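Asks: Quick one, coords28.txt (compact mmCIF, C-alpha atoms):
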# COMPACT_ATOMS: atom_id res chain seq x y z
CA MET G 1 4.78 12.23 -56.65
CA THR G 2 5.48 8.64 -55.73
CA SER G 3 8.04 9.81 -53.21
CA ASN G 4 5.51 12.13 -51.59
CA LYS G 5 2.94 9.32 -51.36
CA THR G 6 5.54 7.07 -49.72
CA VAL G 7 6.36 9.75 -47.18
CA MET G 8 2.70 10.36 -46.43
CA TRP G 9 2.03 6.64 -46.03
CA GLY G 10 4.98 6.36 -43.68
CA ILE G 11 3.61 9.19 -41.55
CA VAL G 12 0.16 7.53 -41.40
CA VAL G 13 1.63 4.16 -40.39
CA ALA G 14 3.83 5.79 -37.75
CA ALA G 15 0.82 7.65 -36.36
CA LEU G 16 -1.20 4.43 -36.22
CA PHE G 17 1.54 2.58 -34.32
CA ALA G 18 2.00 5.54 -31.99
CA GLY G 19 -1.72 5.59 -31.27
CA LEU G 20 -1.75 1.82 -30.74
CA GLY G 21 1.18 2.09 -28.36
CA LEU G 22 -0.54 4.81 -26.38
CA TRP G 23 -3.72 2.73 -26.17
CA LEU G 24 -1.85 -0.37 -25.03
CA GLY G 25 0.07 1.64 -22.47
CA GLN G 26 -3.07 3.14 -21.04
CA ARG G 27 -4.85 -0.21 -21.02
CA TYR G 28 -2.15 -2.49 -19.65
CA PHE G 29 0.03 -0.26 -17.54
CA ALA G 30 -2.36 2.34 -16.16
CA PRO G 31 -3.03 2.24 -12.39
CA GLY G 32 -5.86 -0.09 -11.51
CA TYR G 33 -5.52 -2.28 -14.61
CA ARG G 34 -6.25 -5.94 -13.98
CA ALA G 35 -4.83 -8.52 -16.35
CA PRO G 36 -7.38 -10.97 -17.79
CA GLN G 37 -7.89 -14.00 -15.55
CA PRO G 38 -7.56 -17.48 -17.06
CA GLU G 39 -10.79 -19.43 -17.26
CA MET G 40 -11.06 -21.85 -14.37
CA ALA G 41 -13.12 -25.05 -14.07
CA ALA G 42 -13.06 -25.43 -10.27
CA MET G 43 -11.28 -22.43 -8.76
CA LEU G 44 -12.59 -19.03 -7.84
CA LEU G 45 -9.73 -16.63 -8.54
CA TYR G 46 -9.51 -13.35 -6.65
CA PRO G 47 -9.37 -10.13 -8.72
CA GLU G 48 -6.17 -9.15 -6.89
CA PRO G 49 -3.57 -11.49 -5.33
CA LYS G 50 -3.23 -11.11 -1.56
CA PRO G 51 0.21 -11.47 0.09
CA VAL G 52 0.56 -14.29 2.60
CA ALA G 53 1.59 -12.88 5.96
CA PRO G 54 4.69 -14.44 7.58
CA PHE G 55 3.88 -17.54 9.62
CA THR G 56 5.72 -20.34 11.39
CA LEU G 57 4.20 -23.75 12.06
CA THR G 58 5.80 -27.12 12.82
CA ARG G 59 5.95 -29.96 10.31
CA SER G 60 5.32 -33.56 11.22
CA ASP G 61 9.08 -34.19 11.30
CA GLY G 62 9.65 -31.34 13.74
CA THR G 63 11.10 -28.86 11.25
CA PRO G 64 9.58 -25.40 10.73
CA TYR G 65 6.95 -24.86 8.06
CA THR G 66 6.92 -21.18 7.10
CA ASP G 67 5.69 -18.87 4.37
CA ALA G 68 9.12 -19.24 2.74
CA ASP G 69 8.21 -22.85 1.90
CA LEU G 70 5.47 -21.56 -0.40
CA ALA G 71 7.87 -19.84 -2.79
CA GLY G 72 8.41 -21.30 -6.24
CA ARG G 73 5.39 -23.59 -6.37
CA TRP G 74 1.61 -23.61 -6.34
CA THR G 75 0.24 -24.73 -2.99
CA VAL G 76 -3.25 -26.00 -2.29
CA MET G 77 -3.82 -25.68 1.45
CA PHE G 78 -6.56 -27.31 3.51
CA PHE G 79 -7.37 -26.66 7.17
CA GLY G 80 -8.95 -29.38 9.28
CA PHE G 81 -8.26 -31.83 12.11
CA THR G 82 -7.58 -35.54 12.52
CA HIS G 83 -10.78 -36.29 14.46
CA CYS G 84 -12.89 -34.88 11.62
CA PRO G 85 -15.59 -37.43 10.75
CA ASP G 86 -16.27 -36.59 7.12
CA VAL G 87 -15.03 -33.41 5.38
CA CYS G 88 -11.33 -33.88 6.17
CA PRO G 89 -10.90 -37.52 5.14
CA THR G 90 -13.00 -36.93 2.04
CA THR G 91 -10.89 -33.92 1.06
CA LEU G 92 -7.52 -35.54 1.74
CA ALA G 93 -8.55 -38.69 -0.10
CA LEU G 94 -9.06 -36.49 -3.15
CA TRP G 95 -5.41 -35.46 -3.39
CA PRO G 96 -4.01 -38.73 -4.83
CA GLN G 97 -6.64 -38.43 -7.57
CA VAL G 98 -5.54 -34.84 -8.25
CA GLU G 99 -1.91 -35.98 -8.41
CA LYS G 100 -2.77 -38.71 -10.92
CA ALA G 101 -4.81 -36.35 -13.09
CA LEU G 102 -2.14 -33.65 -12.88
CA GLU G 103 0.46 -36.06 -14.26
CA LYS G 104 -1.67 -36.27 -17.40
CA HIS G 105 -2.29 -32.54 -17.70
CA ALA G 106 1.12 -31.21 -16.61
CA PRO G 107 3.76 -33.77 -15.59
CA GLY G 108 6.23 -32.34 -13.09
CA ALA G 109 4.19 -29.21 -12.43
CA PRO G 110 5.40 -27.42 -9.24
CA VAL G 111 2.33 -28.13 -7.11
CA ALA G 112 2.11 -29.05 -3.41
CA PHE G 113 -0.74 -29.94 -1.09
CA ALA G 114 -0.63 -28.91 2.57
CA PHE G 115 -2.80 -30.04 5.48
CA VAL G 116 -2.84 -27.73 8.51
CA SER G 117 -4.50 -28.98 11.68
CA VAL G 118 -6.53 -26.38 13.55
CA ASP G 119 -6.89 -28.63 16.60
CA PRO G 120 -3.62 -28.02 18.49
CA GLU G 121 -5.04 -29.47 21.71
CA ARG G 122 -5.20 -32.97 20.26
CA ASP G 123 -3.17 -32.89 17.05
CA THR G 124 0.58 -32.84 17.50
CA PRO G 125 2.65 -32.28 14.34
CA GLU G 126 3.51 -36.01 14.38
CA LYS G 127 -0.14 -37.02 14.60
CA ALA G 128 -1.12 -34.63 11.81
CA GLY G 129 1.66 -36.10 9.67
CA ALA G 130 0.63 -39.71 10.26
CA TYR G 131 -2.94 -38.80 9.39
CA ALA G 132 -1.96 -37.04 6.15
CA ARG G 133 0.44 -39.81 5.05
CA TYR G 134 -2.42 -42.29 5.22
CA PHE G 135 -3.85 -40.51 2.18
CA SER G 136 -0.66 -39.49 0.39
CA PRO G 137 3.02 -39.36 1.39
CA ARG G 138 3.32 -36.12 -0.59
CA ILE G 139 0.97 -34.13 1.62
CA VAL G 140 2.81 -31.66 3.83
CA ALA G 141 1.29 -31.72 7.32
CA ALA G 142 1.81 -29.07 9.97
CA THR G 143 0.22 -27.34 12.92
CA GLY G 144 1.07 -24.73 15.54
CA ASP G 145 -0.09 -23.10 18.72
CA ALA G 146 -3.47 -21.38 18.91
CA ALA G 147 -2.07 -17.87 18.40
CA SER G 148 -0.10 -18.85 15.28
CA LEU G 149 -3.07 -20.66 13.78
CA GLU G 150 -5.46 -17.79 14.47
CA ALA G 151 -3.17 -15.26 12.81
CA MET G 152 -2.54 -17.48 9.80
CA THR G 153 -6.17 -18.43 9.19
CA ARG G 154 -7.31 -14.83 9.57
CA ASN G 155 -4.84 -13.78 6.89
CA LEU G 156 -5.93 -16.58 4.53
CA GLY G 157 -9.66 -16.09 5.01
CA VAL G 158 -10.21 -19.37 6.85
CA VAL G 159 -12.55 -19.75 9.82
CA TYR G 160 -12.60 -22.44 12.50
CA MET G 161 -14.17 -22.79 15.94
CA LYS G 162 -14.17 -25.41 18.64
CA SER G 163 -17.62 -26.82 19.36
CA GLY G 164 -18.80 -29.12 22.13
CA GLU G 165 -17.38 -30.00 25.50
CA GLY G 166 -15.13 -32.72 26.87
CA ALA G 167 -12.62 -34.90 25.03
CA ASP G 168 -15.01 -35.58 22.17
CA TYR G 169 -15.39 -31.96 21.09
CA SER G 170 -15.41 -31.14 17.40
CA VAL G 171 -13.98 -28.29 15.35
CA ASP G 172 -16.15 -26.47 12.85
CA HIS G 173 -13.98 -25.23 9.99
CA THR G 174 -13.98 -23.85 6.49
CA ALA G 175 -14.27 -26.60 3.89
CA HIS G 176 -12.74 -24.78 0.94
CA LEU G 177 -9.14 -25.09 -0.27
CA VAL G 178 -6.85 -22.08 -0.39
CA VAL G 179 -4.75 -21.66 -3.54
CA ILE G 180 -1.40 -19.92 -3.05
CA GLY G 181 0.85 -18.88 -5.91
CA PRO G 182 4.63 -19.31 -6.23
CA ASP G 183 5.02 -15.63 -5.35
CA ARG G 184 3.47 -16.33 -1.92
CA THR G 185 0.17 -14.62 -2.64
CA VAL G 186 -3.31 -16.03 -2.17
CA ARG G 187 -4.77 -16.39 -5.66
CA GLY G 188 -8.17 -17.87 -4.86
CA ILE G 189 -10.12 -20.77 -3.38
CA ILE G 190 -11.66 -24.07 -4.43
CA ARG G 191 -15.09 -24.68 -2.97
CA PRO G 192 -16.91 -28.01 -2.63
CA PRO G 193 -18.02 -30.07 -4.40
CA LEU G 194 -14.45 -30.97 -5.30
CA ASP G 195 -13.68 -32.61 -8.62
CA PRO G 196 -10.09 -33.93 -8.97
CA ASN G 197 -10.01 -33.65 -12.75
CA ARG G 198 -11.23 -30.06 -12.75
CA ILE G 199 -8.81 -29.12 -9.97
CA ALA G 200 -5.90 -30.75 -11.82
CA ALA G 201 -6.83 -28.95 -15.04
CA ASP G 202 -6.89 -25.61 -13.23
CA LEU G 203 -3.55 -26.26 -11.54
CA ALA G 204 -2.05 -27.20 -14.90
CA THR G 205 -3.34 -23.92 -16.36
CA LEU G 206 -1.94 -21.89 -13.48
CA ALA G 207 1.40 -23.70 -13.42
CA GLY G 208 1.75 -23.20 -17.16
CA GLY G 209 1.22 -19.48 -16.78
CA ALA G 210 3.32 -19.00 -13.65
Have the structure of the file written as structure tokens, please.
Replies:
Amino acid sequence: MTSNKTVMWGIVVAALFAGLGLWLGQRYFAPGYRAPQPEMAAMLLYPEPKPVAPFTLTRSDGTPYTDADLAGRWTVMFFGFTHCPDVCPTTLALWPQVEKALEKHAPGAPVAFAFVSVDPERDTPEKAGAYARYFSPRIVAATGDAASLEAMTRNLGVVYMKSGEGADYSVDHTAHLVVIGPDRTVRGIIRPPLDPNRIAADLATLAGGA
């Protein structure tokens, strides 16, 4: 009798595990399943990562800056211009604070910050680099011709437009930051107001799960 009970119990347990396996398979591997997103303090994560289209810009030192440079690290990318009166300097001045906070949350985390100028008429790669280094020597600065910038910003969901006439024209541009994962996919954005501690905490969370 005991032997029969043992056999029956074994069959029940096997059935339970089989049912659990089927449920997990349907839930986590079925088409259209979306893994749970980590809770973010500052970032708005997209439901589905979006691949970054190939691009080629020029760094401040004259070397190419391409989508291949995004691999293996988290990149926070900001689009602006060196003649920007307020949004750009305020945003770039934030990065050293993010770096400092990130060292507390996740020392050595693979995170980079990139500044891309969308004012190719006035901003050479060298000028963009000098501008970015004023805020932090770790900021990667780059720019490109109008066609390259238009294609890149369209892919990343960034908008910019020249406004005004003459040498003192301005450039209206998106103020949010674009967050790109180590697999070269756009993961989300960070919208103003920008808080360095919240941004650093989110980057630490993402880097820890990458």
Asks: List the spatial neighbours of Ala106 (chain G) as an mmCIF file with C-alpha atoms, keeping the file's coordinate frame - criterion: any atom at most 10 Å away, all atoms listed in the file, same-chain residues fewer than 2 positions off excluded.
Replies:
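Okay, result14.cif is ready:
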data_model
loop_
_atom_site.group_PDB
_atom_site.id
_atom_site.type_symbol
_atom_site.label_atom_id
_atom_site.label_comp_id
_atom_site.auth_asym_id
_atom_site.auth_seq_id
_atom_site.Cartn_x
_atom_site.Cartn_y
_atom_site.Cartn_z
ATOM 1 C CA GLU G 99 -1.910 -35.980 -8.410
ATOM 2 C CA ALA G 101 -4.810 -36.350 -13.090
ATOM 3 C CA LEU G 102 -2.140 -33.650 -12.880
ATOM 4 C CA GLU G 103 0.460 -36.060 -14.260
ATOM 5 C CA LYS G 104 -1.670 -36.270 -17.400
ATOM 6 C CA GLY G 108 6.230 -32.340 -13.090
ATOM 7 C CA ALA G 109 4.190 -29.210 -12.430
ATOM 8 C CA PRO G 110 5.400 -27.420 -9.240
ATOM 9 C CA ALA G 200 -5.900 -30.750 -11.820
ATOM 10 C CA ALA G 201 -6.830 -28.950 -15.040
ATOM 11 C CA LEU G 203 -3.550 -26.260 -11.540
ATOM 12 C CA ALA G 204 -2.050 -27.200 -14.900
ATOM 13 C CA THR G 205 -3.340 -23.920 -16.360
ATOM 14 C CA ALA G 207 1.400 -23.700 -13.420
ATOM 15 C CA GLY G 208 1.750 -23.200 -17.160
#
Asks: Determine the nearest neighbour of Phe78 (chain G) from the options G:Arg198, G:Arg184, G:Lys127, G:His173, counting all atoms listed in the file.
Replies: G:His173
Asks: Can you pull out the residues contacting Ser136 (chain G)? Cut-off 9 Å, using all atoms listed in the file, and skip same-chain residues under 4 positions away; I want them as a list in words.
Replies: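 Within the cut-off, the hits are Leu92, Ala93, Trp95, Pro96 and Ala132 of chain G.
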Asks: I'd like the interatomic distance between CA of Val159 (chain G) and CA of Thr90 (chain G), to a tenth of an Å.
Replies: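 Computing the Euclidean distance for CA of Val159 (chain G) and CA of Thr90 (chain G) yields 18.9 Å.
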Asks: Would you mind listing what lies within 7 Å of region 148-157 of chain G as a list in words, with only C-alpha atoms counted and same-chain residues fewer than 2 positions away left out?
Replies: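 Selected residues are Val52, Ala53, Phe55, Val118, Gly144, Asp145, Ala146 and Val159 of chain G.
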Asks: Store the residues picked out above in a file with C-alpha atoms, as a JSON list (two decimals), in the coordinates of the input.
Replies:
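Saved file result_0.json follows:
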[["chain", "number", "residue", "atom", "x", "y", "z"],
["G", 52, "VAL", "CA", 0.56, -14.29, 2.60],
["G", 53, "ALA", "CA", 1.59, -12.88, 5.96],
["G", 55, "PHE", "CA", 3.88, -17.54, 9.62],
["G", 118, "VAL", "CA", -6.53, -26.38, 13.55],
["G", 144, "GLY", "CA", 1.07, -24.73, 15.54],
["G", 145, "ASP", "CA", -0.09, -23.10, 18.72],
["G", 146, "ALA", "CA", -3.47, -21.38, 18.91],
["G", 159, "VAL", "CA", -12.55, -19.75, 9.82]]
Asks: How many Å lie between CA of Thr63 (chain G) and CA of Phe81 (chain G), rounded to one decimal?
Replies: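 Atom-to-atom, CA of Thr63 (chain G) to CA of Phe81 (chain G), that is 19.6 Å.
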Asks: Can you work out the spacing between CA of Tyr46 (chain G) and CA of Val158 (chain G) in Å, to one decimal?
Replies: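 Between CA of Tyr46 (chain G) and CA of Val158 (chain G) the gap works out to 14.8 Å.
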Asks: I'd like the contact shell of Glu39 (chain G) - 10 Å cut-off, all atoms listed in the file, skipping same-chain residues fewer than 5 positions apart - returned as a PyMOL selection string.
Replies: chain G and resi 44-45+202+205-206
Asks: I need the residue nearest Ala175 (chain G) from this list: G:Gly72, G:Gly188, G:Gly80, G:Pro85. Use only C-alpha atoms for the distance.
Replies: G:Gly80
Asks: Would you mind telling me which residue in G:Ser117, G:Gln97, G:Ser170, G:Thr75 lies nearest to Thr185 (chain G) when using only C-alpha atoms?
Replies: G:Thr75
Asks: Using all atoms listed in the file, which residue out of G:Val76, G:Ala71, G:Cys84, G:Leu94 lies closest to Asn197 (chain G)?
Replies: G:Leu94
Asks: Mind giving me the axis-aligned box for region 64-77 of chain G with 4 Å on every side, centre plus edges in Å to one decimal, as lines of an AutoDock Vina configuration file?
Replies:
center_x = 2.9
center_y = -22.4
center_z = 2.2
size_x = 21.4
size_y = 15.1
size_z = 25.1
Asks: Which one is closest to Gly129 (chain G): G:Ala114, G:Ile189, G:His176, G:Asp183? Count only C-alpha atoms.
Replies: G:Ala114
